[in-house]
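File shown: coords.cif (mmCIF, C-alpha atoms).
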```cif
data_upload
#
loop_
_atom_site.label_atom_id
_atom_site.label_comp_id
_atom_site.auth_asym_id
_atom_site.auth_seq_id
_atom_site.Cartn_x
_atom_site.Cartn_y
_atom_site.Cartn_z
CA MET X 282 -11.82 -59.05 -7.53
CA ARG X 283 -15.57 -58.77 -7.92
CA ARG X 284 -15.92 -57.25 -4.44
CA LEU X 285 -13.17 -54.75 -5.22
CA LEU X 286 -14.91 -53.66 -8.42
CA CYS X 287 -18.19 -53.23 -6.54
CA LEU X 288 -16.44 -51.14 -3.88
CA LEU X 289 -14.79 -48.89 -6.49
CA LEU X 290 -18.14 -48.46 -8.24
CA ALA X 291 -19.81 -47.48 -4.98
CA ILE X 292 -17.10 -44.89 -4.23
CA LEU X 293 -17.46 -43.44 -7.73
CA LEU X 294 -21.22 -43.10 -7.30
CA LEU X 295 -20.72 -41.35 -3.96
CA LEU X 296 -18.33 -38.86 -5.54
CA LEU X 297 -20.84 -38.08 -8.26
CA THR X 298 -23.56 -37.32 -5.72
CA THR X 299 -21.48 -34.97 -3.49
CA SER X 300 -21.85 -31.19 -3.59
CA CYS X 301 -20.03 -28.18 -2.11
CA TYR X 302 -20.96 -28.09 1.56
CA GLY X 303 -21.65 -24.62 2.90
CA LEU X 304 -21.55 -23.05 -0.59
CA ARG X 305 -22.51 -19.34 -0.57
CA GLN X 306 -23.36 -17.54 -3.77
CA ILE X 307 -21.74 -14.16 -4.38
CA ASN X 308 -25.12 -12.53 -4.93
CA GLU X 309 -26.09 -13.54 -1.40
CA LEU X 310 -23.15 -11.77 0.30
CA ALA X 311 -22.27 -8.19 1.20
CA ILE X 312 -18.53 -8.31 0.44
CA VAL X 313 -16.76 -5.83 2.73
CA THR X 314 -13.56 -4.18 1.47
CA ALA X 315 -13.08 -1.51 4.19
CA VAL X 316 -14.33 -0.88 7.74
CA GLY X 317 -14.58 2.34 9.75
CA LEU X 318 -14.86 2.49 13.55
CA ASP X 319 -15.91 5.56 15.52
CA VAL X 320 -17.52 6.38 18.85
CA GLY X 321 -21.31 6.22 18.73
CA LYS X 322 -23.89 8.72 19.94
CA GLU X 323 -24.59 6.75 23.11
CA PRO X 324 -21.84 6.56 25.79
CA GLY X 325 -19.60 3.55 25.21
CA SER X 326 -21.26 2.66 21.90
CA VAL X 327 -19.56 1.97 18.55
CA LYS X 328 -20.35 3.39 15.13
CA LEU X 329 -19.45 0.88 12.41
CA SER X 330 -19.16 1.93 8.77
CA VAL X 331 -18.58 -0.60 6.00
CA GLN X 332 -17.63 -0.28 2.37
CA ILE X 333 -19.42 -2.98 0.39
CA ILE X 334 -18.31 -3.76 -3.13
CA ARG X 335 -20.74 -3.99 -6.03
CA PRO X 336 -19.22 -6.78 -8.18
CA ALA X 337 -21.19 -5.79 -11.28
CA ASP X 338 -19.96 -2.19 -11.13
CA ALA X 339 -16.38 -2.65 -9.85
CA ARG X 340 -14.76 -4.36 -12.81
CA GLY X 341 -12.53 -1.43 -13.72
CA GLN X 342 -14.64 -0.14 -16.62
CA THR X 343 -14.99 3.58 -17.28
CA GLY X 344 -18.76 3.39 -17.71
CA ALA X 345 -21.44 1.44 -15.89
CA PRO X 346 -22.42 -1.93 -17.36
CA SER X 347 -25.89 -2.47 -18.67
CA GLY X 348 -28.35 -2.39 -15.80
CA GLY X 349 -25.69 -1.21 -13.31
CA THR X 350 -25.65 1.90 -11.18
CA GLY X 351 -22.10 2.91 -12.05
CA GLU X 352 -21.11 3.16 -8.36
CA PRO X 353 -18.44 0.56 -7.48
CA ILE X 354 -19.19 0.62 -3.75
CA TYR X 355 -22.06 0.93 -1.32
CA SER X 356 -21.23 2.49 2.06
CA VAL X 357 -23.46 2.22 5.11
CA SER X 358 -23.20 2.75 8.90
CA ALA X 359 -24.83 1.33 12.02
CA GLU X 360 -24.32 1.67 15.77
CA GLY X 361 -24.35 -0.77 18.65
CA LYS X 362 -23.08 -1.38 22.16
CA SER X 363 -20.36 -3.57 20.63
CA ILE X 364 -18.87 -4.15 17.18
CA PHE X 365 -20.81 -7.37 16.75
CA GLU X 366 -24.11 -5.73 17.68
CA ALA X 367 -23.42 -2.92 15.21
CA ILE X 368 -22.82 -5.53 12.50
CA ARG X 369 -26.09 -7.26 13.37
CA ASN X 370 -27.84 -3.88 13.23
CA LEU X 371 -26.67 -3.57 9.62
CA GLY X 372 -29.11 -6.39 8.91
CA HIS X 373 -32.01 -4.04 9.56
CA PHE X 374 -31.40 -2.36 6.20
CA THR X 375 -28.75 -4.43 4.38
CA SER X 376 -30.25 -7.27 2.39
CA ARG X 377 -27.14 -9.48 2.30
CA ARG X 378 -24.97 -11.24 4.88
CA VAL X 379 -21.77 -9.34 5.72
CA TYR X 380 -18.71 -11.22 4.44
CA TRP X 381 -15.23 -10.22 5.72
CA ALA X 382 -12.80 -12.43 3.80
CA HIS X 383 -11.98 -9.72 1.23
CA ASN X 384 -11.59 -6.82 3.65
CA PHE X 385 -8.49 -4.70 2.94
CA LEU X 386 -8.65 -2.03 5.61
CA ILE X 387 -9.79 -1.05 9.13
CA VAL X 388 -9.91 2.72 9.81
CA MET X 389 -10.38 3.94 13.41
CA HIS X 390 -11.16 7.48 14.44
CA GLU X 391 -8.75 9.18 16.84
CA SER X 392 -11.40 9.45 19.59
CA TYR X 393 -12.16 5.73 19.29
CA ALA X 394 -8.44 4.86 19.43
CA ARG X 395 -7.90 7.04 22.51
CA ARG X 396 -10.82 5.31 24.25
CA GLY X 397 -9.20 1.91 23.70
CA ILE X 398 -9.06 -0.64 20.87
CA ALA X 399 -9.01 -3.89 22.87
CA ASP X 400 -12.54 -4.72 21.67
CA MET X 401 -11.50 -4.23 18.03
CA ILE X 402 -8.44 -6.47 18.39
CA ASP X 403 -10.47 -9.13 20.19
CA PHE X 404 -13.33 -9.16 17.68
CA PHE X 405 -11.35 -9.14 14.45
CA THR X 406 -8.77 -11.69 15.60
CA ARG X 407 -11.60 -14.06 16.60
CA ASN X 408 -13.35 -13.63 13.24
CA HIS X 409 -12.32 -16.64 11.16
CA GLU X 410 -13.18 -14.84 7.91
CA LEU X 411 -10.84 -11.89 8.51
CA ARG X 412 -7.29 -12.03 7.12
CA MET X 413 -4.54 -11.16 9.59
CA ASN X 414 -2.78 -9.09 6.92
CA THR X 415 -5.67 -6.61 6.88
CA TRP X 416 -4.27 -3.07 7.18
CA VAL X 417 -5.13 -1.03 10.29
CA THR X 418 -5.04 2.77 10.43
CA VAL X 419 -6.07 5.72 12.63
CA THR X 420 -7.51 8.97 11.27
CA PRO X 421 -8.41 12.42 12.64
CA ASP X 422 -11.14 12.59 9.95
CA SER X 423 -14.45 10.77 9.65
CA PRO X 424 -13.79 7.02 9.07
CA SER X 425 -17.00 6.71 7.04
CA GLU X 426 -15.72 9.42 4.68
CA VAL X 427 -12.23 7.93 4.49
CA ILE X 428 -13.46 4.48 3.43
CA SER X 429 -15.81 6.02 0.86
CA THR X 430 -13.27 8.30 -0.86
CA ILE X 431 -12.05 7.00 -4.20
CA THR X 432 -8.27 7.43 -4.26
CA GLY X 433 -5.78 7.05 -7.07
CA LEU X 434 -6.46 4.83 -10.06
CA GLU X 435 -8.57 2.20 -8.26
CA VAL X 436 -12.37 2.14 -8.35
CA VAL X 437 -12.58 0.50 -4.89
CA PRO X 438 -11.25 2.81 -2.11
CA GLY X 439 -10.17 -0.08 0.15
CA GLU X 440 -8.07 -1.55 -2.64
CA ALA X 441 -6.46 1.85 -3.30
CA VAL X 442 -5.25 2.13 0.32
CA ASP X 443 -4.06 -1.48 0.15
CA ARG X 444 -1.80 -0.49 -2.75
CA LEU X 445 -0.56 2.57 -0.84
CA PHE X 446 0.55 0.27 1.97
CA ARG X 447 2.33 -2.04 -0.46
CA ASN X 448 4.57 0.88 -1.48
CA VAL X 449 5.21 2.02 2.10
CA GLN X 450 8.76 0.61 2.20
CA ILE X 451 9.69 2.81 -0.73
CA VAL X 452 7.98 6.00 0.43
CA GLY X 453 8.91 5.46 4.11
CA LEU X 454 6.33 7.83 5.65
CA ALA X 455 4.07 5.36 7.49
CA PRO X 456 4.51 1.96 9.20
CA ALA X 457 3.00 -1.12 7.57
CA SER X 458 0.51 -1.76 10.38
CA ASN X 459 -1.74 -4.79 9.97
CA MET X 460 -3.77 -6.99 12.32
CA MET X 461 -0.92 -9.45 12.72
CA ASN X 462 1.73 -7.04 14.01
CA LEU X 463 -0.91 -5.06 15.94
CA GLU X 464 -1.98 -8.14 17.90
CA GLU X 465 1.67 -9.13 18.42
CA ALA X 466 2.53 -5.71 19.88
CA TYR X 467 -0.65 -5.59 21.99
CA LEU X 468 0.10 -8.96 23.61
CA SER X 469 3.82 -8.22 24.05
CA ARG X 470 5.34 -7.03 27.33
CA SER X 471 8.26 -5.38 25.55
CA VAL X 472 6.66 -3.53 22.61
CA GLU X 473 3.82 -1.03 22.32
CA PRO X 474 1.60 -0.74 19.21
CA VAL X 475 2.09 1.94 16.57
CA ILE X 476 -0.44 2.32 13.77
CA ALA X 477 -0.28 4.23 10.48
CA GLN X 478 -2.21 7.46 10.06
CA VAL X 479 -4.49 8.23 7.12
CA ARG X 480 -5.97 11.65 6.40
CA LEU X 481 -8.16 13.24 3.77
CA VAL X 482 -6.08 15.84 1.93
CA PRO X 483 -7.29 18.01 -1.00
CA ARG X 484 -4.77 16.85 -3.60
CA GLY X 485 -6.85 15.61 -6.53
CA ILE X 486 -7.49 17.72 -9.64
CA SER X 487 -10.89 17.67 -11.28
CA ASN X 488 -10.79 16.97 -15.02
CA LYS X 489 -13.83 19.22 -15.40
CA LYS X 490 -12.27 22.07 -13.37
CA PRO X 491 -8.48 21.72 -13.75
CA GLU X 492 -7.94 25.31 -12.65
CA GLN X 493 -9.15 24.36 -9.16
CA HIS X 494 -6.03 22.51 -8.05
CA GLY X 495 -6.64 20.32 -4.99
CA SER X 496 -10.42 20.43 -5.29
CA ILE X 497 -10.81 16.66 -4.71
CA LYS X 498 -9.97 14.99 -1.41
CA GLN X 499 -7.65 11.99 -1.49
CA VAL X 500 -6.59 9.54 1.21
CA ASP X 501 -3.05 10.40 2.34
CA LEU X 502 -0.94 7.72 4.09
CA GLU X 503 1.55 9.62 6.25
CA GLY X 504 2.47 9.68 9.94
CA ALA X 505 1.49 7.32 12.76
CA ALA X 506 -0.38 6.98 16.05
CA ALA X 507 1.46 5.81 19.19
CA PHE X 508 -0.18 3.62 21.84
CA ILE X 509 0.30 2.39 25.38
CA ASN X 510 -1.42 -0.97 25.77
CA ASP X 511 -4.65 -0.47 23.80
CA LYS X 512 -5.02 3.31 24.13
CA MET X 513 -3.68 5.90 21.73
CA VAL X 514 -1.47 8.49 23.44
CA GLY X 515 -0.61 10.78 20.51
CA TRP X 516 0.54 11.32 16.94
CA LEU X 517 3.93 11.03 15.29
CA SER X 518 4.77 13.69 12.71
CA PRO X 519 6.04 12.73 9.23
CA LYS X 520 9.59 13.62 10.36
CA GLU X 521 9.30 11.38 13.45
CA THR X 522 7.74 8.61 11.37
CA LYS X 523 10.70 8.66 8.97
CA GLY X 524 12.95 8.02 11.96
CA LEU X 525 10.58 5.33 13.22
CA MET X 526 10.76 3.37 9.97
CA PHE X 527 14.42 2.48 10.51
CA PHE X 528 13.48 0.70 13.75
CA LEU X 529 10.44 -1.18 12.43
CA GLN X 530 11.14 -2.22 8.86
CA LYS X 531 13.93 -3.05 6.46
CA LEU X 532 13.64 -0.13 4.07
CA GLU X 533 14.30 -0.71 0.39
CA SER X 534 15.13 2.90 -0.35
CA GLY X 535 14.57 6.48 0.74
CA ILE X 536 14.89 10.07 -0.38
CA GLU X 537 16.33 13.01 1.51
CA VAL X 538 16.58 16.66 0.47
CA VAL X 539 19.26 18.85 2.12
CA PRO X 540 20.44 22.45 1.55
CA CYS X 541 23.45 22.97 -0.66
CA PRO X 542 26.64 23.53 1.35
CA ASN X 543 27.59 26.49 -0.84
CA ASN X 544 24.10 28.04 -1.03
CA GLN X 545 21.46 27.41 1.65
CA ASP X 546 18.73 28.64 -0.71
CA LYS X 547 19.42 25.75 -3.11
CA ILE X 548 18.89 22.02 -2.53
CA VAL X 549 20.40 18.68 -3.43
CA THR X 550 18.29 15.51 -3.54
CA MET X 551 19.72 12.09 -2.69
CA GLU X 552 18.32 8.59 -2.94
CA PHE X 553 19.72 5.85 -0.72
CA LYS X 554 19.28 2.11 -1.21
CA ASP X 555 22.14 0.48 0.72
CA ILE X 556 20.90 0.77 4.32
CA ALA X 557 22.49 -0.94 7.33
CA PHE X 558 20.72 -0.31 10.66
CA LYS X 559 21.67 -1.95 13.94
CA VAL X 560 20.82 -1.46 17.61
CA LYS X 561 23.32 -2.68 20.21
CA PRO X 562 21.97 -2.91 23.79
CA SER X 563 24.03 -2.60 26.99
CA TYR X 564 23.29 -2.93 30.69
CA THR X 565 25.21 -0.85 33.24
CA ASP X 566 24.33 0.19 36.80
CA LYS X 567 20.92 -1.49 36.52
CA LEU X 568 19.96 0.68 33.57
CA PRO X 569 19.71 -0.26 29.87
CA SER X 570 21.40 1.74 27.13
CA PHE X 571 21.37 1.49 23.35
CA LEU X 572 23.89 2.29 20.64
CA ILE X 573 22.03 2.99 17.40
CA ARG X 574 24.12 2.78 14.24
CA LEU X 575 22.98 3.68 10.73
CA MET X 576 25.13 3.37 7.61
CA ILE X 577 23.77 4.60 4.29
CA LYS X 578 25.13 4.83 0.75
CA ALA X 579 23.36 7.41 -1.38
CA ASP X 580 23.23 8.60 -4.97
CA VAL X 581 22.72 12.21 -5.97
CA VAL X 582 19.64 12.35 -8.19
CA GLU X 583 19.24 16.13 -8.42
CA ASN X 584 21.89 18.80 -7.88
CA ASN X 585 20.77 22.44 -7.86
CA CYS X 586 23.86 23.76 -6.07
CA GLY X 587 25.43 25.39 -9.10
CA ALA X 588 28.69 23.52 -8.46
CA PRO X 589 29.92 19.97 -9.17
CA MET X 590 29.12 17.50 -6.41
CA THR X 591 32.69 16.27 -6.48
CA ASP X 592 33.61 19.57 -4.79
CA LEU X 593 30.75 19.37 -2.27
CA ARG X 594 30.73 15.66 -1.47
CA GLU X 595 32.08 15.79 2.11
CA GLU X 596 29.93 18.71 3.22
CA THR X 597 26.85 17.16 1.62
CA GLU X 598 27.49 13.89 3.46
CA ASP X 599 27.67 15.84 6.72
CA ALA X 600 24.36 17.57 5.94
CA LEU X 601 22.70 14.23 5.18
CA GLU X 602 24.03 12.72 8.41
CA ALA X 603 22.69 15.68 10.39
CA LYS X 604 19.23 15.35 8.88
CA LEU X 605 19.00 11.59 9.44
CA SER X 606 20.24 12.03 13.00
CA SER X 607 17.59 14.69 13.61
CA GLU X 608 14.83 12.34 12.40
CA ILE X 609 15.97 9.46 14.62
CA GLN X 610 16.55 11.71 17.64
CA SER X 611 13.10 13.24 17.23
CA VAL X 612 11.30 9.89 17.40
CA LEU X 613 13.48 8.77 20.32
CA THR X 614 12.54 11.94 22.21
CA LYS X 615 8.85 11.48 21.46
CA ALA X 616 8.93 7.81 22.55
CA GLN X 617 11.01 8.23 25.71
CA GLN X 618 10.18 11.69 27.06
CA HIS X 619 6.71 12.51 25.76
CA TYR X 620 4.78 9.24 25.41
CA HIS X 621 6.91 6.83 27.53
CA SER X 622 5.96 4.16 25.01
CA ASP X 623 8.41 1.69 23.48
CA PHE X 624 6.93 1.38 20.00
CA LEU X 625 10.52 1.28 18.66
CA LYS X 626 10.98 -2.39 19.68
CA LEU X 627 14.03 -1.62 21.79
CA GLY X 628 12.58 -3.85 24.50
CA ASP X 629 12.74 -6.82 22.15
CA VAL X 630 16.40 -6.07 21.40
CA PHE X 631 17.26 -5.79 25.10
CA ARG X 632 15.33 -8.93 26.08
CA ASN X 633 17.05 -11.03 23.41
CA LYS X 634 20.53 -9.91 24.54
CA PHE X 635 19.90 -9.87 28.31
CA PRO X 636 17.18 -12.43 29.15
CA MET X 637 18.11 -12.63 32.85
CA GLU X 638 18.16 -8.85 33.30
CA TRP X 639 14.84 -8.68 31.46
CA LYS X 640 13.23 -10.69 34.25
CA LEU X 641 14.06 -7.81 36.58
CA LEU X 642 13.10 -4.96 34.24
CA GLY X 643 10.30 -6.49 32.16
CA SER X 644 7.46 -5.71 34.56
CA GLU X 645 8.45 -2.02 34.63
CA TRP X 646 9.88 -1.67 31.15
CA GLY X 647 8.04 1.57 30.43
CA THR X 648 9.96 3.33 33.21
CA ALA X 649 13.29 1.68 32.35
CA PHE X 650 12.84 2.53 28.67
CA SER X 651 12.17 6.19 29.45
CA LYS X 652 15.43 6.39 31.46
CA ALA X 653 17.56 4.43 28.98
CA GLN X 654 20.57 6.19 27.47
CA THR X 655 20.56 6.26 23.67
CA THR X 656 23.48 7.12 21.39
CA VAL X 657 23.03 7.63 17.65
CA GLU X 658 25.91 7.15 15.18
CA ILE X 659 25.35 7.77 11.48
CA LYS X 660 27.74 7.35 8.57
CA THR X 661 26.74 8.31 5.03
CA THR X 662 28.61 7.84 1.78
CA ILE X 663 27.71 9.41 -1.54
CA LYS X 664 28.40 6.66 -4.05
CA SER X 665 28.06 8.65 -7.26
CA THR X 666 27.59 12.24 -8.32
CA VAL X 667 25.83 13.78 -11.28
CA LEU X 668 27.12 13.13 -14.75
CA LYS X 669 30.63 14.50 -15.27
CA ALA X 670 29.62 16.13 -18.53
CA ALA X 671 26.85 18.02 -16.76
CA GLU X 672 29.23 19.06 -13.98
CA GLN X 673 31.76 20.35 -16.46
CA GLY X 674 29.01 22.41 -18.03
CA VAL X 675 28.30 24.00 -14.62
CA LYS X 676 31.89 25.20 -14.17
#
```

Would you kindly transcribe this structure into structure tokens?
Amino acid sequence: MRRLLCLLLAILLLLLTTSCYGLRQINELAIVTAVGLDVGKEPGSVKLSVQIIRPADARGQTGAPSGGTGEPIYSVSAEGKSIFEAIRNLGHFTSRRVYWAHNFLIVMHESYARRGIADMIDFFTRNHELRMNTWVTVTPDSPSEVISTITGLEVVPGEAVDRLFRNVQIVGLAPASNMMNLEEAYLSRSVEPVIAQVRLVPRGISNKKPEQHGSIKQVDLEGAAAFINDKMVGWLSPKETKGLMFFLQKLESGIEVVPCPNNQDKIVTMEFKDIAFKVKPSYTDKLPSFLIRLMIKADVVENNCGAPMTDLREETEDALEAKLSSEIQSVLTKAQQHYHSDFLKLGDVFRNKFPMEWKLLGSEWGTAFSKAQTTVEIKTTIKSTVLKAAEQGVK
């Protein structure tokens, strides 16, 4: 018993003398919340821009705290032959060690993405501090300007774009591209990467000059960039991206605006929430084919037709089906005929259904995908119309 008491006492003393190993104080770190990648001035070089948060000035207050600068972020750029060398070159004029664990966003310029992003995928997936749910985007604008533009209600630009991505399933205009699904698509033999597009659009209104509508640039999350292997091959328009979203994600809802059947100059707006999307693969004469079925139930949220929707229901359903079919057909055409890139994940669907046939087609899936026959079937149902009282008032 005496030996046991001595042992317990020794363990207690050891616990009292321990400390946090590898502890790093926040005032010793440059906490990165957004990263921009662009081609450098020298051939083959990389320009790295980082958005570093100022903890004392990014607490959500309207005015700067005592002794603070009032600026929530500090943005700086450096170049190098590689991403890692560019980061090390930041140390020439940045007084703190770069810390990646709180990074929200990676923004790549179009020219950088077209050159190839294998080095970016390799570096950031090896970095043990980086989270794999970090958002990845491509922009036609300057990445350093994108990551420095304060957007929406957030004082930290990287956090603002993070919140835009969290609402992407509702808006449905950009894929939720992060490091995890980017690496998965890059390593896959059956799927090509597709990455969301961000742009700077003059949408903000200055409180000091409200008459100058759109005088402040804001980050706009809309559209996508298509890839083959690690190289960008082109853009997807907002219309094509809306069709793409059915293939990539389980959408929570969506909005479509179609012309009124009785007056093409007027519109009716519908919101759909019950969405059933399925792709059925087939294999005939050594060629794959796909039957794409979409079933949607929609509610009318705004009727400007000048007639009760009960009289226009069938024609409105036809108009909605035609518009949804056009969106899906447009992204199929862009993927198969223009880019020859299966970013729609049809290869995954075919491989899961026909594993033996995949062994024959997998090595040349890009060619087989481009020749595949696709059939689109869409069925829409308007669940409810506008209020009956309002409709009676229209008559």

Ground truth for the PyMOL selection byres ((chain X and resi 422) around 12), written as an MDAnalysis selection string: chainID X and resid 317:319 388:393 418:421 423:428 430 478:482 498:501

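Using all atoms listed in the file, the nearest neighbour of Phe527 in chain X within the list X:Ser471, X:Thr565, X:Gln450, X:Asn544 is X:Gln450.
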
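For the structure in this document, the set picked by the PyMOL selection byres ((chain X and resi 371) around 12) is Ala311, Lys328, Leu329, Ser330, Val331, Ile333, Ser356, Val357, Ser358, Ala359, Glu360, Gly361, Ile364, Phe365, Glu366, Ala367, Ile368, Arg369, Asn370, Gly372, His373, Phe374, Thr375, Ser376, Arg377, Arg378 and Val379 of chain X.
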
Counting only C-alpha atoms, the residue among X:Trp516, X:Phe553, X:Tyr355, X:Phe528 that lies closest to Ile573 in chain X is X:Phe528

Q.
Starting from the PyMOL selection byres ((chain X and resi 655-658) around 12), expand the selection into actual residues of this file and give them as JSON, numbers by chain.
A. {"X": [524, 557, 558, 559, 560, 561, 562, 563, 564, 568, 569, 570, 571, 572, 573, 574, 575, 576, 577, 602, 603, 605, 606, 607, 608, 609, 610, 611, 612, 613, 614, 616, 617, 627, 650, 651, 652, 653, 654, 659, 660, 661]}

May I have the residues from that selection written out with C-alpha atoms, as a short mmCIF file (atom, residue, chain, number, x, y, z; two decimals), in the frame of the given file?
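Saved file result_6.cif follows:
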```cif
data_model
loop_
_atom_site.label_atom_id
_atom_site.label_comp_id
_atom_site.auth_asym_id
_atom_site.auth_seq_id
_atom_site.Cartn_x
_atom_site.Cartn_y
_atom_site.Cartn_z
CA GLY X 524 12.95 8.02 11.96
CA ALA X 557 22.49 -0.94 7.33
CA PHE X 558 20.72 -0.31 10.66
CA LYS X 559 21.67 -1.95 13.94
CA VAL X 560 20.82 -1.46 17.61
CA LYS X 561 23.32 -2.68 20.21
CA PRO X 562 21.97 -2.91 23.79
CA SER X 563 24.03 -2.60 26.99
CA TYR X 564 23.29 -2.93 30.69
CA LEU X 568 19.96 0.68 33.57
CA PRO X 569 19.71 -0.26 29.87
CA SER X 570 21.40 1.74 27.13
CA PHE X 571 21.37 1.49 23.35
CA LEU X 572 23.89 2.29 20.64
CA ILE X 573 22.03 2.99 17.40
CA ARG X 574 24.12 2.78 14.24
CA LEU X 575 22.98 3.68 10.73
CA MET X 576 25.13 3.37 7.61
CA ILE X 577 23.77 4.60 4.29
CA GLU X 602 24.03 12.72 8.41
CA ALA X 603 22.69 15.68 10.39
CA LEU X 605 19.00 11.59 9.44
CA SER X 606 20.24 12.03 13.00
CA SER X 607 17.59 14.69 13.61
CA GLU X 608 14.83 12.34 12.40
CA ILE X 609 15.97 9.46 14.62
CA GLN X 610 16.55 11.71 17.64
CA SER X 611 13.10 13.24 17.23
CA VAL X 612 11.30 9.89 17.40
CA LEU X 613 13.48 8.77 20.32
CA THR X 614 12.54 11.94 22.21
CA ALA X 616 8.93 7.81 22.55
CA GLN X 617 11.01 8.23 25.71
CA LEU X 627 14.03 -1.62 21.79
CA PHE X 650 12.84 2.53 28.67
CA SER X 651 12.17 6.19 29.45
CA LYS X 652 15.43 6.39 31.46
CA ALA X 653 17.56 4.43 28.98
CA GLN X 654 20.57 6.19 27.47
CA ILE X 659 25.35 7.77 11.48
CA LYS X 660 27.74 7.35 8.57
CA THR X 661 26.74 8.31 5.03
#
```

**Q.** Test item: residues at most 12 Å from range 580-583 of chain X, all atoms listed in the file, excluding those fewer than 6 positions along its chain, as number ranges by chain
**A.** X: 534-541, 547-555, 589-591, 593-594, 597-598, 601, 661-668, 671-672

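Put simply, CA of Arg407 in chain X is 20.0 Å away from CA of Ser326 in chain X.
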
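Between CA of Thr432 in chain X and CA of Asn448 in chain X lies a distance of 14.7 Å.
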
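Neighbours of Met513 in chain X closer than or equal to 6 Å, with all atoms listed in the file counted and sequence neighbours fewer than 6 positions away skipped, come out as Ala394, Arg395 and Ala507 of chain X.
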
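The two atoms in question, CA of Gly504 in chain X and CA of Phe405 in chain X, are spaced 23.8 Å apart.
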